[in-house]
$ cat run-v4.pdb   # PDB, C-alpha atoms, pLDDT in the B column
ATOM      1  CA  LEU R 257      87.796 135.753  86.355  1.00 36.00           C
ATOM      2  CA  VAL R 258      87.894 139.263  87.777  1.00 43.00           C
ATOM      3  CA  SER R 259      91.177 138.656  89.555  1.00 39.00           C
ATOM      4  CA  MET R 260      92.833 137.756  86.274  1.00 37.00           C
ATOM      5  CA  VAL R 261      91.808 141.110  84.873  1.00 43.00           C
ATOM      6  CA  MET R 262      92.676 143.139  87.922  1.00 45.00           C
ATOM      7  CA  LEU R 263      95.848 141.560  89.301  1.00 43.00           C
ATOM      8  CA  SER R 264      97.724 140.729  86.150  1.00 41.00           C
ATOM      9  CA  PRO R 265      99.350 143.273  83.831  1.00 38.00           C
ATOM     10  CA  LEU R 266      98.773 140.855  80.953  1.00 38.00           C
ATOM     11  CA  THR R 267      95.781 141.128  78.658  1.00 42.00           C
ATOM     12  CA  LEU R 268      92.550 139.304  79.399  1.00 41.00           C
ATOM     13  CA  ALA R 269      92.904 137.103  76.331  1.00 44.00           C
ATOM     14  CA  SER R 270      96.352 135.896  77.346  1.00 51.00           C
ATOM     15  CA  THR R 271      95.375 134.928  80.893  1.00 63.00           C
ATOM     16  CA  ALA R 272      91.884 133.501  80.507  1.00 73.00           C
ATOM     17  CA  THR R 273      91.349 129.762  80.617  1.00 80.00           C
ATOM     18  CA  PRO R 274      89.123 128.328  77.852  1.00 88.00           C
ATOM     19  CA  GLU R 275      86.253 128.134  80.364  1.00 84.00           C
ATOM     20  CA  ALA R 276      86.729 131.761  81.392  1.00 83.00           C
ATOM     21  CA  GLN R 277      87.032 132.896  77.787  1.00 87.00           C
ATOM     22  CA  ALA R 278      83.747 131.171  76.953  1.00 88.00           C
ATOM     23  CA  LEU R 279      82.071 132.970  79.868  1.00 82.00           C
ATOM     24  CA  ILE R 280      83.558 136.301  78.803  1.00 83.00           C
ATOM     25  CA  GLU R 281      82.119 135.882  75.316  1.00 85.00           C
ATOM     26  CA  GLU R 282      78.752 134.558  76.494  1.00 80.00           C
ATOM     27  CA  LEU R 283      78.139 137.449  78.878  1.00 77.00           C
ATOM     28  CA  GLY R 284      79.719 140.128  76.713  1.00 76.00           C
ATOM     29  CA  LEU R 285      82.255 141.125  79.367  1.00 78.00           C
ATOM     30  CA  THR R 286      84.804 143.760  78.375  1.00 77.00           C
ATOM     31  CA  GLU R 287      88.018 145.119  79.814  1.00 78.00           C
ATOM     32  CA  ALA R 288      88.251 148.666  81.078  1.00 79.00           C
ATOM     33  CA  SER R 289      90.025 151.103  78.761  1.00 81.00           C
ATOM     34  CA  THR R 290      92.753 151.439  81.374  1.00 80.00           C
ATOM     35  CA  PRO R 291      93.496 148.256  83.358  1.00 81.00           C
ATOM     36  CA  ILE R 292      94.215 148.610  87.038  1.00 82.00           C
ATOM     37  CA  ALA R 293      97.739 147.404  86.291  1.00 82.00           C
ATOM     38  CA  LYS R 294      98.293 150.848  84.733  1.00 86.00           C
ATOM     39  CA  HIS R 295      96.940 152.717  87.766  1.00 86.00           C
ATOM     40  CA  PRO R 296      99.749 155.021  89.017  1.00 87.00           C
ATOM     41  CA  LEU R 297      99.364 153.753  92.596  1.00 86.00           C
ATOM     42  CA  TRP R 298      98.954 150.050  91.785  1.00 88.00           C
ATOM     43  CA  GLN R 299     101.904 148.023  93.042  1.00 90.00           C
ATOM     44  CA  PRO R 300     100.067 145.127  94.702  1.00 92.00           C
ATOM     45  CA  GLN R 301     101.718 143.115  97.439  1.00 95.00           C
ATOM     46  CA  LYS R 302      98.708 142.035  99.513  1.00 96.00           C
ATOM     47  CA  VAL R 303      95.080 141.290  98.667  1.00 96.00           C
ATOM     48  CA  VAL R 304      92.532 140.269 101.299  1.00 96.00           C
ATOM     49  CA  VAL R 305      89.848 137.814 100.155  1.00 96.00           C
ATOM     50  CA  MET R 306      86.629 137.450 102.118  1.00 95.00           C
ATOM     51  CA  LEU R 307      85.032 133.997 102.069  1.00 93.00           C
ATOM     52  CA  PRO R 308      81.453 134.531 103.323  1.00 89.00           C
ATOM     53  CA  ALA R 309      79.753 131.157 103.525  1.00 81.00           C
ATOM     54  CA  ALA R 310      76.400 132.678 102.585  1.00 81.00           C
ATOM     55  CA  LEU R 311      77.737 133.462  99.106  1.00 81.00           C
ATOM     56  CA  GLY R 312      79.203 130.018  98.499  1.00 79.00           C
ATOM     57  CA  VAL R 313      82.721 131.223  97.679  1.00 82.00           C
ATOM     58  CA  GLY R 314      84.690 129.257 100.265  1.00 77.00           C
ATOM     59  CA  SER R 315      85.790 126.260  98.208  1.00 85.00           C
ATOM     60  CA  ALA R 316      89.376 125.069  97.912  1.00 89.00           C
ATOM     61  CA  GLU R 317      89.031 125.282  94.120  1.00 90.00           C
ATOM     62  CA  PHE R 318      88.078 128.963  94.337  1.00 88.00           C
ATOM     63  CA  GLU R 319      91.079 129.713  96.539  1.00 91.00           C
ATOM     64  CA  ALA R 320      93.384 127.830  94.178  1.00 91.00           C
ATOM     65  CA  GLN R 321      92.104 129.746  91.151  1.00 88.00           C
ATOM     66  CA  LEU R 322      92.696 133.060  92.885  1.00 91.00           C
ATOM     67  CA  ALA R 323      96.172 132.002  93.960  1.00 91.00           C
ATOM     68  CA  THR R 324      97.065 131.106  90.387  1.00 89.00           C
ATOM     69  CA  ALA R 325      95.783 134.426  89.088  1.00 87.00           C
ATOM     70  CA  ALA R 326      97.527 136.433  91.826  1.00 90.00           C
ATOM     71  CA  GLY R 327     101.016 135.159  91.062  1.00 90.00           C
ATOM     72  CA  ASP R 328     103.472 136.713  93.508  1.00 93.00           C
ATOM     73  CA  VAL R 329     100.821 138.820  95.224  1.00 94.00           C
ATOM     74  CA  GLU R 330     100.123 137.657  98.797  1.00 95.00           C
ATOM     75  CA  LEU R 331      96.545 136.506  99.290  1.00 95.00           C
ATOM     76  CA  VAL R 332      95.149 136.674 102.822  1.00 95.00           C
ATOM     77  CA  PHE R 333      91.901 134.726 103.226  1.00 95.00           C
ATOM     78  CA  GLU R 334      89.342 135.905 105.772  1.00 94.00           C
ATOM     79  CA  ARG R 335      87.587 132.638 106.662  1.00 91.00           C
ATOM     80  CA  SER R 336      85.294 133.645 109.527  1.00 89.00           C
ATOM     81  CA  GLY R 337      82.328 133.532 107.159  1.00 85.00           C
ATOM     82  CA  GLY R 338      81.193 137.025 108.107  1.00 84.00           C
ATOM     83  CA  PHE R 339      81.125 140.304 106.237  1.00 87.00           C
ATOM     84  CA  VAL R 340      83.559 142.375 108.311  1.00 89.00           C
ATOM     85  CA  ILE R 341      87.327 142.111 107.916  1.00 93.00           C
ATOM     86  CA  PRO R 342      89.362 142.620 111.106  1.00 93.00           C
ATOM     87  CA  ALA R 343      91.343 145.865 111.068  1.00 92.00           C
ATOM     88  CA  GLU R 344      94.665 144.076 111.603  1.00 94.00           C
ATOM     89  CA  MET R 345      94.042 141.962 108.497  1.00 95.00           C
ATOM     90  CA  LEU R 346      93.309 145.050 106.402  1.00 95.00           C
ATOM     91  CA  ALA R 347      96.573 146.716 107.376  1.00 95.00           C
ATOM     92  CA  GLY R 348      98.736 147.153 104.295  1.00 94.00           C
ATOM     93  CA  ALA R 349      96.181 145.636 101.922  1.00 96.00           C
ATOM     94  CA  ASP R 350      96.324 146.863  98.340  1.00 95.00           C
ATOM     95  CA  GLY R 351      93.065 145.192  97.370  1.00 96.00           C
ATOM     96  CA  VAL R 352      90.012 143.482  98.813  1.00 97.00           C
ATOM     97  CA  ILE R 353      87.815 140.863  97.179  1.00 96.00           C
ATOM     98  CA  GLY R 354      84.586 140.529  99.145  1.00 94.00           C
ATOM     99  CA  ILE R 355      81.753 142.820 100.166  1.00 93.00           C
ATOM    100  CA  CYS R 356      82.289 146.577 100.228  1.00 94.00           C
ATOM    101  CA  THR R 357      81.014 147.940 103.572  1.00 93.00           C
ATOM    102  CA  PRO R 358      81.463 151.124 105.637  1.00 94.00           C
ATOM    103  CA  PRO R 359      83.748 149.329 108.179  1.00 94.00           C
ATOM    104  CA  LEU R 360      86.007 148.193 105.349  1.00 95.00           C
ATOM    105  CA  LEU R 361      86.395 151.724 104.008  1.00 95.00           C
ATOM    106  CA  THR R 362      86.822 153.233 107.462  1.00 94.00           C
ATOM    107  CA  GLN R 363      89.480 150.786 108.654  1.00 93.00           C
ATOM    108  CA  ALA R 364      91.493 150.480 105.421  1.00 92.00           C
ATOM    109  CA  ASP R 365      94.709 152.464 105.130  1.00 90.00           C
ATOM    110  CA  ALA R 366      95.866 154.612 102.229  1.00 91.00           C
ATOM    111  CA  LYS R 367      97.354 151.629 100.349  1.00 93.00           C
ATOM    112  CA  LEU R 368      93.932 150.238  99.449  1.00 95.00           C
ATOM    113  CA  ILE R 369      93.423 150.873  95.755  1.00 94.00           C
ATOM    114  CA  TRP R 370      90.995 148.149  94.613  1.00 94.00           C
ATOM    115  CA  VAL R 371      87.755 146.833  96.126  1.00 95.00           C
ATOM    116  CA  HIS R 372      85.856 144.111  94.313  1.00 94.00           C
ATOM    117  CA  ASN R 373      82.280 143.466  95.412  1.00 94.00           C
ATOM    118  CA  TYR R 374      81.036 139.868  95.016  1.00 91.00           C
ATOM    119  CA  THR R 375      77.485 141.030  94.357  1.00 87.00           C
ATOM    120  CA  VAL R 376      76.166 143.357  91.678  1.00 84.00           C
ATOM    121  CA  GLY R 377      74.538 145.708  94.181  1.00 84.00           C
ATOM    122  CA  MET R 378      76.867 148.287  95.732  1.00 87.00           C
ATOM    123  CA  ASP R 379      74.275 149.633  98.175  1.00 87.00           C
ATOM    124  CA  HIS R 380      76.342 148.716 101.259  1.00 87.00           C
ATOM    125  CA  CYS R 381      79.449 150.466  99.895  1.00 91.00           C
ATOM    126  CA  LYS R 382      79.035 153.730 101.800  1.00 91.00           C
ATOM    127  CA  GLY R 383      81.193 156.181 103.664  1.00 90.00           C
ATOM    128  CA  ALA R 384      84.146 156.496 101.270  1.00 92.00           C
ATOM    129  CA  SER R 385      86.309 159.575 101.749  1.00 92.00           C
ATOM    130  CA  GLU R 386      87.049 161.967  98.902  1.00 93.00           C
ATOM    131  CA  ALA R 387      90.518 160.460  98.592  1.00 92.00           C
ATOM    132  CA  GLN R 388      89.084 156.936  98.403  1.00 93.00           C
ATOM    133  CA  LEU R 389      86.571 157.947  95.750  1.00 92.00           C
ATOM    134  CA  ARG R 390      89.425 159.444  93.768  1.00 90.00           C
ATOM    135  CA  ASP R 391      91.982 156.662  94.149  1.00 90.00           C
ATOM    136  CA  ILE R 392      90.136 153.364  94.692  1.00 93.00           C
ATOM    137  CA  VAL R 393      88.910 151.297  91.757  1.00 92.00           C
ATOM    138  CA  PHE R 394      85.534 149.759  92.659  1.00 93.00           C
ATOM    139  CA  THR R 395      84.380 146.702  90.688  1.00 90.00           C
ATOM    140  CA  ASN R 396      81.504 144.267  90.990  1.00 89.00           C
ATOM    141  CA  ASN R 397      80.063 141.070  89.503  1.00 84.00           C
ATOM    142  CA  LYS R 398      78.048 142.810  86.828  1.00 79.00           C
ATOM    143  CA  ARG R 399      76.291 140.351  84.476  1.00 80.00           C
ATOM    144  CA  LEU R 400      77.737 137.259  86.165  1.00 81.00           C
ATOM    145  CA  SER R 401      74.550 136.623  88.149  1.00 83.00           C
ATOM    146  CA  GLY R 402      72.377 137.224  85.069  1.00 87.00           C
ATOM    147  CA  PRO R 403      71.939 133.572  83.977  1.00 89.00           C
ATOM    148  CA  ALA R 404      70.902 132.347  87.434  1.00 90.00           C
ATOM    149  CA  ILE R 405      68.434 135.192  87.976  1.00 92.00           C
ATOM    150  CA  ALA R 406      67.055 134.811  84.457  1.00 95.00           C
ATOM    151  CA  GLU R 407      66.443 131.099  85.004  1.00 97.00           C
ATOM    152  CA  HIS R 408      64.660 131.939  88.255  1.00 97.00           C
ATOM    153  CA  ALA R 409      62.469 134.493  86.457  1.00 97.00           C
ATOM    154  CA  ILE R 410      61.519 131.970  83.773  1.00 97.00           C
ATOM    155  CA  ALA R 411      60.836 129.340  86.447  1.00 97.00           C
ATOM    156  CA  MET R 412      58.468 131.757  88.192  1.00 96.00           C
ATOM    157  CA  LEU R 413      56.804 132.614  84.871  1.00 95.00           C
ATOM    158  CA  LEU R 414      56.168 128.948  84.142  1.00 94.00           C
ATOM    159  CA  ALA R 415      54.974 128.286  87.674  1.00 94.00           C
ATOM    160  CA  LEU R 416      52.457 131.123  87.598  1.00 91.00           C
ATOM    161  CA  THR R 417      51.147 130.521  84.074  1.00 91.00           C
ATOM    162  CA  HIS R 418      50.662 126.807  84.798  1.00 90.00           C
ATOM    163  CA  ASN R 419      49.269 127.339  88.302  1.00 89.00           C
ATOM    164  CA  LEU R 420      51.964 125.140  89.840  1.00 91.00           C
ATOM    165  CA  PRO R 421      51.636 126.664  93.351  1.00 92.00           C
ATOM    166  CA  ALA R 422      48.051 125.412  93.535  1.00 91.00           C
ATOM    167  CA  TYR R 423      49.048 121.931  92.369  1.00 91.00           C
ATOM    168  CA  ALA R 424      51.932 121.836  94.844  1.00 93.00           C
ATOM    169  CA  ALA R 425      49.613 122.802  97.697  1.00 94.00           C
ATOM    170  CA  ALA R 426      47.167 120.066  96.734  1.00 93.00           C
ATOM    171  CA  GLN R 427      49.952 117.522  96.477  1.00 93.00           C
ATOM    172  CA  SER R 428      51.232 118.412  99.939  1.00 94.00           C
ATOM    173  CA  GLU R 429      47.715 117.684 101.224  1.00 95.00           C
ATOM    174  CA  ALA R 430      47.563 114.391  99.262  1.00 95.00           C
ATOM    175  CA  ARG R 431      44.613 115.683  97.219  1.00 93.00           C
ATOM    176  CA  TRP R 432      43.965 114.836  93.558  1.00 92.00           C
ATOM    177  CA  ALA R 433      42.436 118.225  92.708  1.00 88.00           C
ATOM    178  CA  ARG R 434      41.269 118.076  89.107  1.00 85.00           C
ATOM    179  CA  GLU R 435      39.280 121.278  89.617  1.00 86.00           C
ATOM    180  CA  ILE R 436      42.510 123.294  89.650  1.00 85.00           C
ATOM    181  CA  SER R 437      42.806 122.850  85.893  1.00 82.00           C
ATOM    182  CA  ASP R 438      39.517 124.713  85.458  1.00 79.00           C
ATOM    183  CA  ASN R 439      41.277 127.890  86.575  1.00 71.00           C
ATOM    184  CA  VAL R 440      44.222 127.632  84.166  1.00 66.00           C
ATOM    185  CA  SER R 441      43.424 129.996  81.306  1.00 75.00           C
ATOM    186  CA  PHE R 442      46.804 131.445  80.275  1.00 83.00           C
ATOM    187  CA  GLY R 443      47.693 128.648  77.894  1.00 85.00           C
ATOM    188  CA  GLU R 444      51.073 128.011  76.331  1.00 91.00           C
ATOM    189  CA  LEU R 445      53.835 130.612  76.435  1.00 95.00           C
ATOM    190  CA  LYS R 446      54.456 130.195  72.711  1.00 96.00           C
ATOM    191  CA  GLY R 447      53.041 133.165  70.844  1.00 96.00           C
ATOM    192  CA  LYS R 448      52.544 135.283  73.964  1.00 96.00           C
ATOM    193  CA  THR R 449      54.244 138.670  74.342  1.00 97.00           C
ATOM    194  CA  LEU R 450      56.775 139.301  77.121  1.00 98.00           C
ATOM    195  CA  LEU R 451      57.755 142.843  78.090  1.00 98.00           C
ATOM    196  CA  VAL R 452      61.204 143.047  79.678  1.00 98.00           C
ATOM    197  CA  VAL R 453      61.420 146.212  81.767  1.00 97.00           C
ATOM    198  CA  GLY R 454      65.110 147.066  81.707  1.00 95.00           C
ATOM    199  CA  LEU R 455      67.076 145.337  78.948  1.00 94.00           C
ATOM    200  CA  GLY R 456      70.362 145.157  80.819  1.00 88.00           C
ATOM    201  CA  GLY R 457      72.459 142.126  81.648  1.00 86.00           C
ATOM    202  CA  ILE R 458      69.708 140.236  83.466  1.00 90.00           C
ATOM    203  CA  GLY R 459      66.953 141.483  81.160  1.00 94.00           C
ATOM    204  CA  THR R 460      68.828 140.292  78.088  1.00 93.00           C
ATOM    205  CA  GLU R 461      69.330 136.857  79.629  1.00 93.00           C
ATOM    206  CA  ILE R 462      65.581 136.654  80.310  1.00 96.00           C
ATOM    207  CA  ALA R 463      64.773 137.856  76.796  1.00 97.00           C
ATOM    208  CA  TRP R 464      66.677 135.155  74.955  1.00 94.00           C
ATOM    209  CA  ARG R 465      65.285 132.424  77.217  1.00 97.00           C
ATOM    210  CA  ALA R 466      61.738 133.651  76.570  1.00 98.00           C
ATOM    211  CA  HIS R 467      62.470 133.823  72.845  1.00 98.00           C
ATOM    212  CA  GLY R 468      63.638 130.214  73.011  1.00 97.00           C
ATOM    213  CA  LEU R 469      60.221 129.301  74.420  1.00 97.00           C
ATOM    214  CA  GLY R 470      58.573 130.854  71.378  1.00 97.00           C
ATOM    215  CA  MET R 471      57.524 134.140  72.977  1.00 98.00           C
ATOM    216  CA  ARG R 472      57.450 137.527  71.258  1.00 98.00           C
ATOM    217  CA  VAL R 473      59.779 139.754  73.255  1.00 98.00           C
ATOM    218  CA  ILE R 474      59.658 143.544  73.551  1.00 98.00           C
ATOM    219  CA  ALA R 475      61.558 145.650  76.058  1.00 98.00           C
ATOM    220  CA  THR R 476      62.418 149.031  77.504  1.00 98.00           C
ATOM    221  CA  ARG R 477      65.791 150.371  78.564  1.00 96.00           C
ATOM    222  CA  ASN R 478      67.187 153.656  79.865  1.00 93.00           C
ATOM    223  CA  SER R 479      70.219 154.033  77.632  1.00 89.00           C
ATOM    224  CA  SER R 480      69.080 153.446  74.048  1.00 93.00           C
ATOM    225  CA  ARG R 481      66.684 151.695  71.689  1.00 95.00           C
ATOM    226  CA  GLU R 482      69.241 149.024  70.865  1.00 93.00           C
ATOM    227  CA  GLY R 483      68.945 145.350  71.705  1.00 93.00           C
ATOM    228  CA  PRO R 484      69.586 141.869  70.304  1.00 93.00           C
ATOM    229  CA  ASP R 485      67.759 140.838  67.138  1.00 96.00           C
ATOM    230  CA  LEU R 486      65.499 138.488  69.094  1.00 96.00           C
ATOM    231  CA  VAL R 487      63.864 141.515  70.788  1.00 97.00           C
ATOM    232  CA  GLU R 488      61.227 142.803  68.406  1.00 97.00           C
ATOM    233  CA  HIS R 489      61.024 146.339  69.803  1.00 97.00           C
ATOM    234  CA  VAL R 490      63.064 148.331  72.342  1.00 98.00           C
ATOM    235  CA  GLY R 491      61.481 151.460  73.774  1.00 97.00           C
ATOM    236  CA  LEU R 492      62.905 154.011  76.172  1.00 97.00           C
ATOM    237  CA  ALA R 493      62.046 153.915  79.864  1.00 95.00           C
ATOM    238  CA  ASP R 494      59.465 156.700  79.645  1.00 96.00           C
ATOM    239  CA  GLU R 495      57.579 154.709  77.002  1.00 97.00           C
ATOM    240  CA  LEU R 496      56.848 151.866  79.416  1.00 97.00           C
ATOM    241  CA  HIS R 497      53.070 152.356  79.575  1.00 96.00           C
ATOM    242  CA  ALA R 498      52.747 152.575  75.791  1.00 95.00           C
TER
END

$ encode --input "run-v4.pdb" --output "structure tokens"
Amino acid sequence: LVSMVMLSPLTLASTATPEAQALIEELGLTEASTPIAKHPLWQPQKVVVMLPAALGVGSAEFEAQLATAAGDVELVFERSGGFVIPAEMLAGADGVIGICTPPLLTQADAKLIWVHNYTVGMDHCKGASEAQLRDIVFTNNKRLSGPAIAEHAIAMLLALTHNLPAYAAAQSEARWAREISDNVSFGELKGKTLLVVGLGGIGTEIAWRAHGLGMRVIATRNSSREGPDLVEHVGLADELHA
């Protein structure tokens, strides 16, 4: 999805498959005001793609999708499964799809103009020079991990409110522990109030799932008091305790 935005001079709508378009609309993804295709230094010939096994991005289908999106741009796949690209592979690279790290920034030459980070967090992307901060476009997977993390949060909420860890422990010991139910006092989620601290991409995904379970949802956010209609009240971050 990202490669179609970044590598192609065409518009997002003209390049997106129906599946990608549905994801774009579902997650509220938007194009930058100035696409990288309009960057004065962007004349891509080579893009290095990291395939770290730990992130599950090493499938043949993934490679094929990138190749289709890249067109005439040469894709060089780093298949070691690690998080460091050899210096000789980085030579002459215009872009990197992978994990932004200090070694990547140190070893890249002046041609590097785009670094896409597979994860949302950019905390390992350190050590960029002033020239790199000025010229390189840094992107990440903002919002794309929201659904999976939101489902995990709801799973944890259900597990804790229904005391599932205690039942699982008893089951592993082959015990029929009826007494566990005596300690379950939370009741159904329906009608309960959920406070989402930080109504961003992940927070919004959690909010609409909780709303679907019949919960009253309120939230805080740093940027504004705006939120989807299903959130009854949105306060600012400094109003958290209230």

$ residues_around --input "run-v4.pdb" --residues "range 398-400 of chain R" --least-positions-apart "6" --cutoff "10 Å" --atoms "only C-alpha atoms" --output "compact mmCIF listing (two decimals) with C-alpha atoms, in the coordinates of the input"
# COMPACT_ATOMS: atom_id res chain seq x y z
CA LEU R 279 82.07 132.97 79.87
CA ILE R 280 83.56 136.30 78.80
CA LEU R 283 78.14 137.45 78.88
CA GLY R 284 79.72 140.13 76.71
CA LEU R 285 82.26 141.12 79.37
CA ASN R 373 82.28 143.47 95.41
CA TYR R 374 81.04 139.87 95.02
CA THR R 375 77.48 141.03 94.36
CA VAL R 376 76.17 143.36 91.68
CA GLY R 377 74.54 145.71 94.18
CA GLY R 456 70.36 145.16 80.82
CA GLY R 457 72.46 142.13 81.65
CA ILE R 458 69.71 140.24 83.47
CA GLY R 459 66.95 141.48 81.16
CA THR R 460 68.83 140.29 78.09
CA GLU R 461 69.33 136.86 79.63

$ residues_around --input "run-v4.pdb" --residues "Asp379 in chain R" --least-positions-apart "4" --cutoff "12 Å" --atoms "only C-alpha atoms" --output "count of residues only"
8

$ residues_around --input "run-v4.pdb" --residues "range 405-410 of chain R" --least-positions-apart "2" --cutoff "6 Å" --atoms "only C-alpha atoms" --output "MDAnalysis selection string"
chainID R and resid 402:403 412:413 461:462

$ resolve_selection --input "run-v4.pdb" --expression "the PyMOL selection byres ((chain R and resi 342) around 12)" --output "list in words"
Val304, Val305, Met306, Val332, Phe333, Glu334, Arg335, Ser336, Gly338, Phe339, Val340, Ile341, Ala343, Glu344, Met345, Leu346, Ala347, Ala349, Pro359, Leu360, Leu361, Thr362, Gln363 and Ala364 of chain R

$ resolve_selection --input "run-v4.pdb" --expression "the PyMOL selection byres ((chain R and resi 423) around 12)" --output "PDB file with C-alpha atoms, keeping the file's coordinate frame"
ATOM      1  CA  ALA R 415      54.974 128.286  87.674  1.00 94.00           C
ATOM      2  CA  LEU R 416      52.457 131.123  87.598  1.00 91.00           C
ATOM      3  CA  HIS R 418      50.662 126.807  84.798  1.00 90.00           C
ATOM      4  CA  ASN R 419      49.269 127.339  88.302  1.00 89.00           C
ATOM      5  CA  LEU R 420      51.964 125.140  89.840  1.00 91.00           C
ATOM      6  CA  PRO R 421      51.636 126.664  93.351  1.00 92.00           C
ATOM      7  CA  ALA R 422      48.051 125.412  93.535  1.00 91.00           C
ATOM      8  CA  ALA R 424      51.932 121.836  94.844  1.00 93.00           C
ATOM      9  CA  ALA R 425      49.613 122.802  97.697  1.00 94.00           C
ATOM     10  CA  ALA R 426      47.167 120.066  96.734  1.00 93.00           C
ATOM     11  CA  GLN R 427      49.952 117.522  96.477  1.00 93.00           C
ATOM     12  CA  SER R 428      51.232 118.412  99.939  1.00 94.00           C
ATOM     13  CA  GLU R 429      47.715 117.684 101.224  1.00 95.00           C
ATOM     14  CA  ALA R 430      47.563 114.391  99.262  1.00 95.00           C
ATOM     15  CA  ARG R 431      44.613 115.683  97.219  1.00 93.00           C
ATOM     16  CA  TRP R 432      43.965 114.836  93.558  1.00 92.00           C
ATOM     17  CA  ALA R 433      42.436 118.225  92.708  1.00 88.00           C
ATOM     18  CA  ARG R 434      41.269 118.076  89.107  1.00 85.00           C
ATOM     19  CA  GLU R 435      39.280 121.278  89.617  1.00 86.00           C
ATOM     20  CA  ILE R 436      42.510 123.294  89.650  1.00 85.00           C
ATOM     21  CA  SER R 437      42.806 122.850  85.893  1.00 82.00           C
ATOM     22  CA  ASN R 439      41.277 127.890  86.575  1.00 71.00           C
ATOM     23  CA  VAL R 440      44.222 127.632  84.166  1.00 66.00           C
TER      24      VAL R 440
END

$ closest_residue --input "run-v4.pdb" --among "R:Glu386, R:Phe394, R:Thr286, R:Val473" --to "His372 in chain R" --atoms "all atoms listed in the file"
R:Phe394

$ atom_distance --input "run-v4.pdb" --atom1 "CA of Glu482 in chain R" --atom2 "CA of Ser289 in chain R"
22.3 Å

$ residues_around --input "run-v4.pdb" --residues "His489 in chain R" --least-positions-apart "6" --cutoff "10 Å" --atoms "all atoms listed in the file" --output "list of chain:residue names"
R:Leu451, R:Arg472, R:Val473, R:Ile474, R:Ala475, R:Thr476, R:Arg481, R:Glu482, R:Gly483

$ write_last_selection --input "run-v4.pdb" --atoms "C-alpha atoms" --output "compact mmCIF listing (two decimals), keeping the file's coordinate frame"
# COMPACT_ATOMS: atom_id res chain seq x y z
CA LEU R 451 57.76 142.84 78.09
CA ARG R 472 57.45 137.53 71.26
CA VAL R 473 59.78 139.75 73.26
CA ILE R 474 59.66 143.54 73.55
CA ALA R 475 61.56 145.65 76.06
CA THR R 476 62.42 149.03 77.50
CA ARG R 481 66.68 151.70 71.69
CA GLU R 482 69.24 149.02 70.86
CA GLY R 483 68.94 145.35 71.70

$ atom_distance --input "run-v4.pdb" --atom1 "CA of Val452 in chain R" --atom2 "CA of Glu495 in chain R"
12.5 Å

$ resolve_selection --input "run-v4.pdb" --expression "the PyMOL selection byres ((chain R and resi 303) around 8)" --output "ChimeraX atom specification"
/R:300-302,304-305,329-332,349-353

$ residues_around --input "run-v4.pdb" --residues "range 444-446 of chain R" --least-positions-apart "3" --cutoff "7 Å" --atoms "only C-alpha atoms" --output "ChimeraX atom specification"
/R:469-471

$ write_last_selection --input "run-v4.pdb" --atoms "C-alpha atoms" --output "mmCIF file, keeping the file's coordinate frame"
data_model
loop_
_atom_site.group_PDB
_atom_site.id
_atom_site.type_symbol
_atom_site.label_atom_id
_atom_site.label_comp_id
_atom_site.auth_asym_id
_atom_site.auth_seq_id
_atom_site.Cartn_x
_atom_site.Cartn_y
_atom_site.Cartn_z
ATOM 1 C CA LEU R 469 60.221 129.301 74.420
ATOM 2 C CA GLY R 470 58.573 130.854 71.378
ATOM 3 C CA MET R 471 57.524 134.140 72.977
#

$ atom_distance --input "run-v4.pdb" --atom1 "CA of Arg477 in chain R" --atom2 "CA of Val453 in chain R"
6.8 Å

$ closest_residue --input "run-v4.pdb" --among "R:Ala411, R:Ala272, R:Val490, R:Ala498" --to "Arg465 in chain R" --atoms "all atoms listed in the file"
R:Ala411

$ closest_residue --input "run-v4.pdb" --among "R:Ala316, R:Leu486, R:Ala493, R:Ile292" --to "Val393 in chain R" --atoms "only C-alpha atoms"
R:Ile292

$ axis_aligned_box --input "run-v4.pdb" --around "range 339-347 of chain R" --padding-each-side "3 Å" --output "AutoDock Vina command-line options"
--center_x 88.8 --center_y 143.5 --center_z 108.9 --size_x 21.4 --size_y 12.4 --size_z 11.4
